[in-house]
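> Provided herewith: structure-v9.txt, compact mmCIF, C-alpha atoms and all ligand atoms.
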```
# COMPACT_ATOMS: atom_id res chain seq x y z
CA MET A 1 93.69 77.34 142.91
CA LYS A 2 96.86 75.28 142.38
CA LYS A 3 97.89 74.83 138.77
CA ILE A 4 99.34 71.77 137.16
CA ILE A 5 100.88 72.19 133.71
CA ILE A 6 100.36 69.18 131.47
CA GLY A 7 102.72 68.72 128.53
CA MET A 8 101.00 67.12 125.57
CA PRO A 9 102.75 65.56 122.55
CA ASN A 10 103.06 68.62 120.29
CA SER A 11 104.26 71.09 122.93
CA LEU A 12 106.34 69.24 125.50
CA GLU A 13 109.30 71.62 125.61
CA LEU A 14 107.12 74.71 125.75
CA ALA A 15 104.99 73.21 128.53
CA LYS A 16 108.09 72.42 130.60
CA LYS A 17 109.38 75.97 130.12
CA ILE A 18 106.04 77.41 131.23
CA ALA A 19 105.98 75.24 134.35
CA ARG A 20 109.57 76.22 135.21
CA LYS A 21 108.87 79.92 134.77
CA LEU A 22 105.63 79.78 136.78
CA LYS A 23 107.21 77.46 139.36
CA CYS A 24 104.23 75.16 138.95
CA GLU A 25 103.82 71.41 139.19
CA TYR A 26 104.46 69.74 135.82
CA SER A 27 103.53 66.40 134.35
CA THR A 28 103.41 64.89 130.91
CA LEU A 29 100.28 63.18 129.74
CA LYS A 30 100.71 59.61 128.64
CA VAL A 31 99.29 59.41 125.12
CA ASP A 32 99.19 56.16 123.25
CA LYS A 33 97.08 54.09 120.87
CA PHE A 34 95.12 50.93 121.43
CA PRO A 35 95.99 48.20 118.89
CA ASP A 36 92.96 49.20 116.83
CA SER A 37 94.31 52.78 116.72
CA GLU A 38 91.86 54.33 119.20
CA VAL A 39 93.37 57.00 121.43
CA TYR A 40 94.57 56.07 124.94
CA ILE A 41 95.45 58.70 127.52
CA LYS A 42 96.50 58.52 131.16
CA TYR A 43 97.31 61.21 133.72
CA LEU A 44 100.33 60.47 135.89
CA LYS A 45 99.61 62.91 138.73
CA ASP A 46 96.68 63.76 140.98
CA LEU A 47 94.42 66.49 139.55
CA LYS A 48 91.83 66.86 142.31
CA GLY A 49 90.85 70.49 142.99
CA LYS A 50 93.52 71.85 140.62
CA GLU A 51 93.48 74.00 137.52
CA VAL A 52 94.74 71.68 134.81
CA VAL A 53 96.58 73.59 132.08
CA LEU A 54 96.84 71.48 128.94
CA VAL A 55 99.56 72.71 126.61
CA ASN A 56 99.27 71.45 123.05
CA SER A 57 99.51 73.02 119.63
CA PHE A 58 97.43 71.73 116.77
CA HIS A 59 100.42 70.80 114.64
CA PRO A 60 101.53 68.30 113.53
CA TYR A 61 98.48 66.08 113.04
CA ALA A 62 95.68 68.50 113.90
CA ASN A 63 92.97 65.81 113.95
CA LYS A 64 94.97 63.68 116.40
CA ALA A 65 95.74 66.73 118.57
CA LEU A 66 92.06 67.68 118.74
CA VAL A 67 90.98 64.21 119.86
CA GLU A 68 93.75 64.04 122.46
CA ILE A 69 92.80 67.44 123.84
CA LEU A 70 89.12 66.45 124.08
CA TRP A 71 90.00 63.19 125.85
CA ALA A 72 92.43 64.97 128.18
CA ALA A 73 89.90 67.67 129.08
CA TYR A 74 87.01 65.30 129.81
CA THR A 75 89.28 62.99 131.80
CA ALA A 76 90.71 65.85 133.86
CA LYS A 77 87.20 66.86 134.92
CA ASP A 78 86.34 63.25 135.59
CA LEU A 79 89.37 63.00 137.88
CA GLY A 80 88.30 66.02 139.92
CA ALA A 81 90.04 68.98 138.24
CA LYS A 82 88.29 72.25 139.09
CA LYS A 83 89.17 74.01 135.86
CA VAL A 84 90.64 73.00 132.51
CA THR A 85 92.56 75.63 130.58
CA LEU A 86 93.84 74.85 127.12
CA VAL A 87 96.97 76.63 125.97
CA ALA A 88 97.07 76.03 122.23
CA PRO A 89 99.88 78.30 121.01
CA TYR A 90 98.89 77.37 117.46
CA LEU A 91 95.15 76.95 117.18
CA GLY A 92 94.13 74.66 114.35
CA PHE A 93 91.09 74.46 112.13
CA MET A 94 90.97 78.24 111.70
CA ARG A 95 91.62 78.50 107.98
CA GLN A 96 88.55 76.55 106.85
CA ASP A 97 86.42 79.32 108.34
CA LYS A 98 83.65 79.26 105.76
CA ARG A 99 82.06 76.96 103.25
CA PHE A 100 84.18 77.76 100.19
CA ASN A 101 82.45 75.11 98.06
CA PRO A 102 78.99 73.57 98.39
CA GLY A 103 78.88 70.64 100.81
CA GLU A 104 82.08 71.48 102.71
CA ALA A 105 82.37 71.37 106.50
CA ILE A 106 83.23 74.61 108.30
CA SER A 107 86.04 73.28 110.47
CA ALA A 108 86.45 76.40 112.63
CA HIS A 109 82.84 76.09 113.82
CA ILE A 110 82.99 72.37 114.48
CA ALA A 111 86.29 72.46 116.40
CA SER A 112 85.20 75.43 118.52
CA GLY A 113 81.84 73.76 119.21
CA LEU A 114 83.59 70.67 120.55
CA LEU A 115 86.13 72.62 122.62
CA ASN A 116 83.47 74.95 124.07
CA LYS A 117 81.94 71.89 125.71
CA ALA A 118 85.20 70.36 126.93
CA ILE A 119 87.38 73.16 128.31
CA ASP A 120 86.84 76.20 130.57
CA LYS A 121 89.34 78.61 129.05
CA LEU A 122 91.38 78.92 125.87
CA VAL A 123 94.66 80.78 125.48
CA THR A 124 96.22 81.08 122.04
CA ILE A 125 98.66 83.14 120.02
CA ASP A 126 97.83 84.94 116.79
CA PRO A 127 95.07 82.63 115.60
CA HIS A 128 94.33 82.85 111.90
CA LEU A 129 91.43 85.29 112.14
CA HIS A 130 90.27 86.15 108.69
CA ARG A 131 86.62 85.78 107.82
CA ILE A 132 85.88 85.24 111.52
CA PRO A 133 87.26 88.52 112.86
CA LYS A 134 87.27 87.66 116.58
CA LEU A 135 87.86 84.40 118.41
CA SER A 136 85.01 85.15 120.80
CA LEU A 137 82.55 84.85 117.91
CA ILE A 138 83.10 81.09 117.90
CA TYR A 139 84.65 80.42 121.33
CA LYS A 140 81.98 81.07 123.94
CA ILE A 141 84.17 80.10 126.92
CA PRO A 142 86.63 82.70 128.32
CA ASN A 143 89.33 83.03 125.69
CA LYS A 144 92.46 85.06 125.27
CA THR A 145 94.14 85.91 122.01
CA LEU A 146 97.77 86.85 122.55
CA THR A 147 100.06 88.24 119.90
CA ALA A 148 103.71 87.48 119.28
CA ASN A 149 104.25 90.94 117.76
CA ASN A 150 106.41 92.18 120.64
CA VAL A 151 108.46 88.99 120.65
CA ILE A 152 109.15 89.46 116.93
CA ALA A 153 109.84 93.19 117.29
CA LYS A 154 112.35 92.47 120.07
CA TYR A 155 114.15 89.96 117.83
CA LEU A 156 114.27 92.41 114.92
CA LYS A 157 115.64 95.19 117.11
CA LYS A 158 118.39 92.92 118.33
CA HIS A 159 119.41 91.38 114.99
CA PHE A 160 118.54 93.83 112.17
CA LYS A 161 119.23 97.38 111.06
CA ASN A 162 117.50 99.38 108.29
CA GLU A 163 115.51 96.36 107.17
CA VAL A 164 112.40 96.58 104.99
CA ILE A 165 109.49 94.48 106.20
CA ILE A 166 107.20 92.85 103.68
CA GLY A 167 103.80 91.32 104.28
CA PRO A 168 103.34 88.72 101.54
CA ASP A 169 99.57 89.20 101.34
CA ALA A 170 96.77 91.42 102.61
CA GLU A 171 96.10 89.16 105.62
CA SER A 172 99.70 89.15 106.81
CA TYR A 173 100.02 92.92 106.52
CA GLN A 174 98.38 93.36 109.95
CA TRP A 175 101.46 91.68 111.47
CA ALA A 176 104.03 93.17 109.11
CA LYS A 177 102.79 96.74 109.55
CA THR A 178 102.34 96.59 113.34
CA ILE A 179 105.78 95.07 113.79
CA ALA A 180 107.39 97.53 111.35
CA ASP A 181 105.90 100.42 113.32
CA LYS A 182 107.31 99.00 116.54
CA VAL A 183 110.84 98.82 115.13
CA ASP A 184 110.62 101.94 112.98
CA ALA A 185 111.13 100.10 109.72
CA GLN A 186 109.58 100.61 106.30
CA ALA A 187 106.80 98.15 105.49
CA THR A 188 105.10 97.17 102.30
CA ILE A 189 102.63 94.60 101.11
CA LEU A 190 102.43 92.16 98.25
CA LYS A 191 99.25 91.39 96.41
CA LYS A 192 98.63 87.66 96.47
CA HIS A 193 96.47 85.61 94.21
CA ARG A 194 95.89 82.06 95.43
CA TYR A 195 95.04 79.67 92.61
CA SER A 196 94.92 76.63 94.93
CA SER A 197 96.34 75.50 98.27
CA ARG A 198 99.62 74.79 96.47
CA LYS A 199 99.81 77.59 93.88
CA VAL A 200 100.06 81.31 94.59
CA ALA A 201 101.32 84.40 92.74
CA VAL A 202 102.37 87.69 94.35
CA LYS A 203 103.38 91.17 93.21
CA LEU A 204 104.51 94.36 94.92
CA GLN A 205 101.73 96.90 95.39
CA ASP A 206 103.62 100.13 95.93
CA ASP A 207 106.89 101.39 94.48
CA ILE A 208 109.04 101.05 97.56
CA ASN A 209 112.75 100.64 96.79
CA ILE A 210 114.23 97.47 98.26
CA LYS A 211 117.36 97.40 96.08
CA GLY A 212 120.43 96.51 98.15
CA LYS A 213 118.39 96.25 101.34
CA ASP A 214 117.81 93.54 103.90
CA VAL A 215 114.25 92.36 103.47
CA VAL A 216 112.29 90.50 106.14
CA ILE A 217 109.11 88.83 104.90
CA ILE A 218 106.72 88.29 107.79
CA ASP A 219 103.67 86.01 107.73
CA ASP A 220 101.60 84.43 110.47
CA ILE A 221 101.89 80.91 109.02
CA ILE A 222 104.33 79.14 106.73
CA SER A 223 102.45 76.08 105.57
CA THR A 224 103.43 74.74 102.14
CA GLY A 225 105.76 77.72 101.80
CA HIS A 226 104.46 78.81 98.40
CA THR A 227 103.51 82.26 99.67
CA MET A 228 106.98 82.83 101.15
CA ILE A 229 108.78 81.45 98.09
CA GLU A 230 106.85 83.66 95.68
CA ALA A 231 107.47 86.67 97.95
CA ALA A 232 111.20 85.86 98.09
CA LYS A 233 111.38 85.57 94.28
CA THR A 234 109.74 89.01 93.96
CA ALA A 235 112.11 90.55 96.50
CA LYS A 236 115.10 89.05 94.69
CA LYS A 237 113.92 90.36 91.31
CA LEU A 238 113.67 93.82 92.86
CA GLY A 239 117.27 93.65 94.01
CA ALA A 240 117.01 92.87 97.74
CA LYS A 241 120.40 92.14 99.29
CA ASN A 242 119.51 89.54 101.92
CA ILE A 243 116.08 87.97 102.24
CA TYR A 244 114.81 86.60 105.54
CA ALA A 245 111.53 84.86 106.38
CA MET A 246 109.83 85.23 109.73
CA CYS A 247 106.67 83.58 110.92
CA ILE A 248 104.74 82.92 114.07
CA HIS A 249 103.56 79.40 113.26
CA PRO A 250 106.08 77.22 111.38
CA LEU A 251 103.95 74.42 109.93
CA PHE A 252 106.21 73.47 107.00
CA VAL A 253 103.75 70.86 105.76
CA GLU A 254 104.63 68.15 103.25
CA LYS A 255 108.33 68.26 104.23
CA SER A 256 108.59 71.68 102.60
CA TYR A 257 111.32 73.14 104.84
CA PRO A 258 114.38 72.08 102.77
CA LYS A 259 112.76 73.45 99.61
CA ILE A 260 111.79 76.79 101.23
CA LYS A 261 115.04 77.39 103.04
CA LYS A 262 117.00 77.71 99.77
CA TYR A 263 115.28 81.01 99.08
CA PHE A 264 116.28 82.67 102.35
CA LYS A 265 119.38 83.72 104.21
CA LYS A 266 117.57 82.58 107.36
CA ILE A 267 114.08 81.49 108.40
CA ILE A 268 113.09 82.50 111.91
CA SER A 269 109.98 81.34 113.76
CA THR A 270 108.47 81.35 117.21
CA ASN A 271 108.11 78.13 119.17
CA THR A 272 104.31 77.97 119.00
CA ILE A 273 105.11 74.87 116.93
CA THR A 274 108.30 72.96 117.62
CA HIS A 275 110.72 73.35 114.69
CA LYS A 276 114.43 73.86 114.11
CA THR A 277 113.74 77.46 113.01
CA ASN A 278 112.43 78.36 116.52
CA ASP A 279 114.59 81.33 117.45
CA MET A 280 111.92 83.32 119.27
CA ASP A 281 110.38 82.12 122.51
CA VAL A 282 106.73 82.72 123.42
CA SER A 283 106.82 81.07 126.86
CA SER A 284 107.01 84.35 128.82
CA LEU A 285 104.09 85.73 126.84
CA LEU A 286 102.00 82.68 127.78
CA CYS A 287 103.14 82.83 131.40
CA GLU A 288 101.92 86.43 131.72
CA GLU A 289 98.42 85.25 130.82
CA LEU A 290 98.49 82.19 133.04
C1 LIG B 301 97.20 82.90 104.65
O1 LIG B 301 96.22 83.53 104.68
C2 LIG B 301 98.30 82.96 105.66
O2 LIG B 301 98.50 84.25 106.16
C3 LIG B 301 99.58 82.42 105.05
O3 LIG B 301 100.00 83.32 104.03
C4 LIG B 301 99.36 81.09 104.44
O4 LIG B 301 98.78 80.24 105.38
C5 LIG B 301 100.68 80.49 103.97
O5 LIG B 301 100.40 79.30 103.32
P1 LIG B 301 101.45 78.62 102.36
O6 LIG B 301 102.74 78.53 103.12
O7 LIG B 301 100.86 77.28 102.09
O8 LIG B 301 101.58 79.44 101.13
```
Mind converting the file's structure to structure tokens?

Amino acid sequence: MKKIIIGMPNSLELAKKIARKLKCEYSTLKVDKFPDSEVYIKYLKDLKGKEVVLVNSFHPYANKALVEILWAAYTAKDLGAKKVTLVAPYLGFMRQDKRFNPGEAISAHIASGLLNKAIDKLVTIDPHLHRIPKLSLIYKIPNKTLTANNVIAKYLKKHFKNEVIIGPDAESYQWAKTIADKVDAQATILKKHRYSSRKVAVKLQDDINIKGKDVVIIDDIISTGHTMIEAAKTAKKLGAKNIYAMCIHPLFVEKSYPKIKKYFKKIISTNTITHKTNDMDVSSLLCEEL
């Protein structure tokens, strides 16, 4: 089946790269708003009989991205596409994965329910799997969870020596430890207490010596940056020489990047979300799956 790669607003550059690497037809999707703010979309190329690969991350503006993806998927089918694959390098709505307080919506279930009906396949990178341990528990369509671990390990091997890798909380340790093992580095974990979405505290759990060392703090997501900042403060107190932050998904919500960057020698992210810190490229990883 012939593929056409469709670049959507949040992932245009990545979509173009994927199309170039796969030597596939490429088109952008026209996305606009009606005067009353309702979504307007228009395909610019013929889709009949093709596999339409929509490429769009859920950041920024996750709600907008979700609606655009739903509209794009239904329209593609309507226009004769044989299959609709969604490549969402950053999959949204995964952190509200349970009802934390009475009356709350469980966003992960609602978003997956809508997408299950609209698309035929989902490809994503390191989704935030926490209380839902596997994507297939909520995504009933064929789905593939890729990991950027090798991309990160390759970067570390090229740019660092004798670094200590820190996972800033129990959830991030799965990435920090796996990556540390790949590059033969020491890894440790911080214990995090989250008071609210904007207030966290962390402390070192074991007595690893980071004095005078290069420390790389690795997390899946940098959102408000509080986790990373608290981790950097701890590393500094313990005498780290240079402190770096690495993440897969650079959200940097609420214009937090300038504030966070002061704490680090460098912040390095993958391009699952377009940001100036994108120094690691996941396009080849996605191409392998496509
Ligand atoms: C949480 O479970 C994640 O692994 C990240 O630590 C978290 O999303 C980071 O959020 P923030 O940047 O707002 O502290």
> So how many Å separate atom CA of Leu146 of chain A and atom CA of Thr270 of chain A, to one decimal?
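The value is 13.2 Å.
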> Kindly compile the residues surrounding ligand LIG 301 (chain B) within 6 Å, counting only C-alpha atoms and all ligand atoms, and format them as a short mmCIF file (atom, residue, chain, number, x, y, z; two decimals) with C-alpha atoms, keeping the file's coordinate frame.

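And here's out-v6.cif as it stands now:
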```cif
data_model
loop_
_atom_site.label_atom_id
_atom_site.label_comp_id
_atom_site.auth_asym_id
_atom_site.auth_seq_id
_atom_site.Cartn_x
_atom_site.Cartn_y
_atom_site.Cartn_z
CA GLU A 171 96.10 89.16 105.62
CA SER A 172 99.70 89.15 106.81
CA ASP A 219 103.67 86.01 107.73
CA ASP A 220 101.60 84.43 110.47
CA ILE A 221 101.89 80.91 109.02
CA ILE A 222 104.33 79.14 106.73
CA SER A 223 102.45 76.08 105.57
CA THR A 224 103.43 74.74 102.14
CA GLY A 225 105.76 77.72 101.80
CA HIS A 226 104.46 78.81 98.40
CA THR A 227 103.51 82.26 99.67
#
```
> Determine the nearest neighbour of Asn56 of chain A from the options A:Ser37, A:Thr274, A:Thr145, A:Ser11, counting all atoms listed in the file.
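Looking at the shortest contact to Asn56 of chain A, the residue is A:Ser11.
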> Return the single residue from A:Asp78, A:Asp120, A:Asp279, A:Glu288 that is closest to Asn143 of chain A, with distances computed using only C-alpha atoms.
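Using only C-alpha atoms, Asn143 of chain A sits closest to A:Asp120.
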> Figure out the distance between atom CA of Glu230 of chain A and atom CA of Lys255 of chain A, please, to one decimal in Å.
17.7 Å
> Given all atoms listed in the file as the basis, pick out the residue of A:Gly167, A:Val87, A:Leu79, A:Cys247 nearest to Leu14 of chain A.
A:Val87
> So the first atom is atom CA of Ile189 of chain A and the second is atom CA of Met94 of chain A; what is the distance between them in Å, to one decimal place?
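Atom CA of Met94 of chain A lies 22.7 Å from atom CA of Ile189 of chain A.
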> In terms of the shortest atom-to-atom distance over all atoms listed in the file, which of A:Lys157, A:Leu22, A:Ile138, A:Leu238 is closest to Leu285 of chain A?
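Nearest candidate to Leu285 of chain A out of A:Lys157, A:Leu22, A:Ile138, A:Leu238: A:Leu22.
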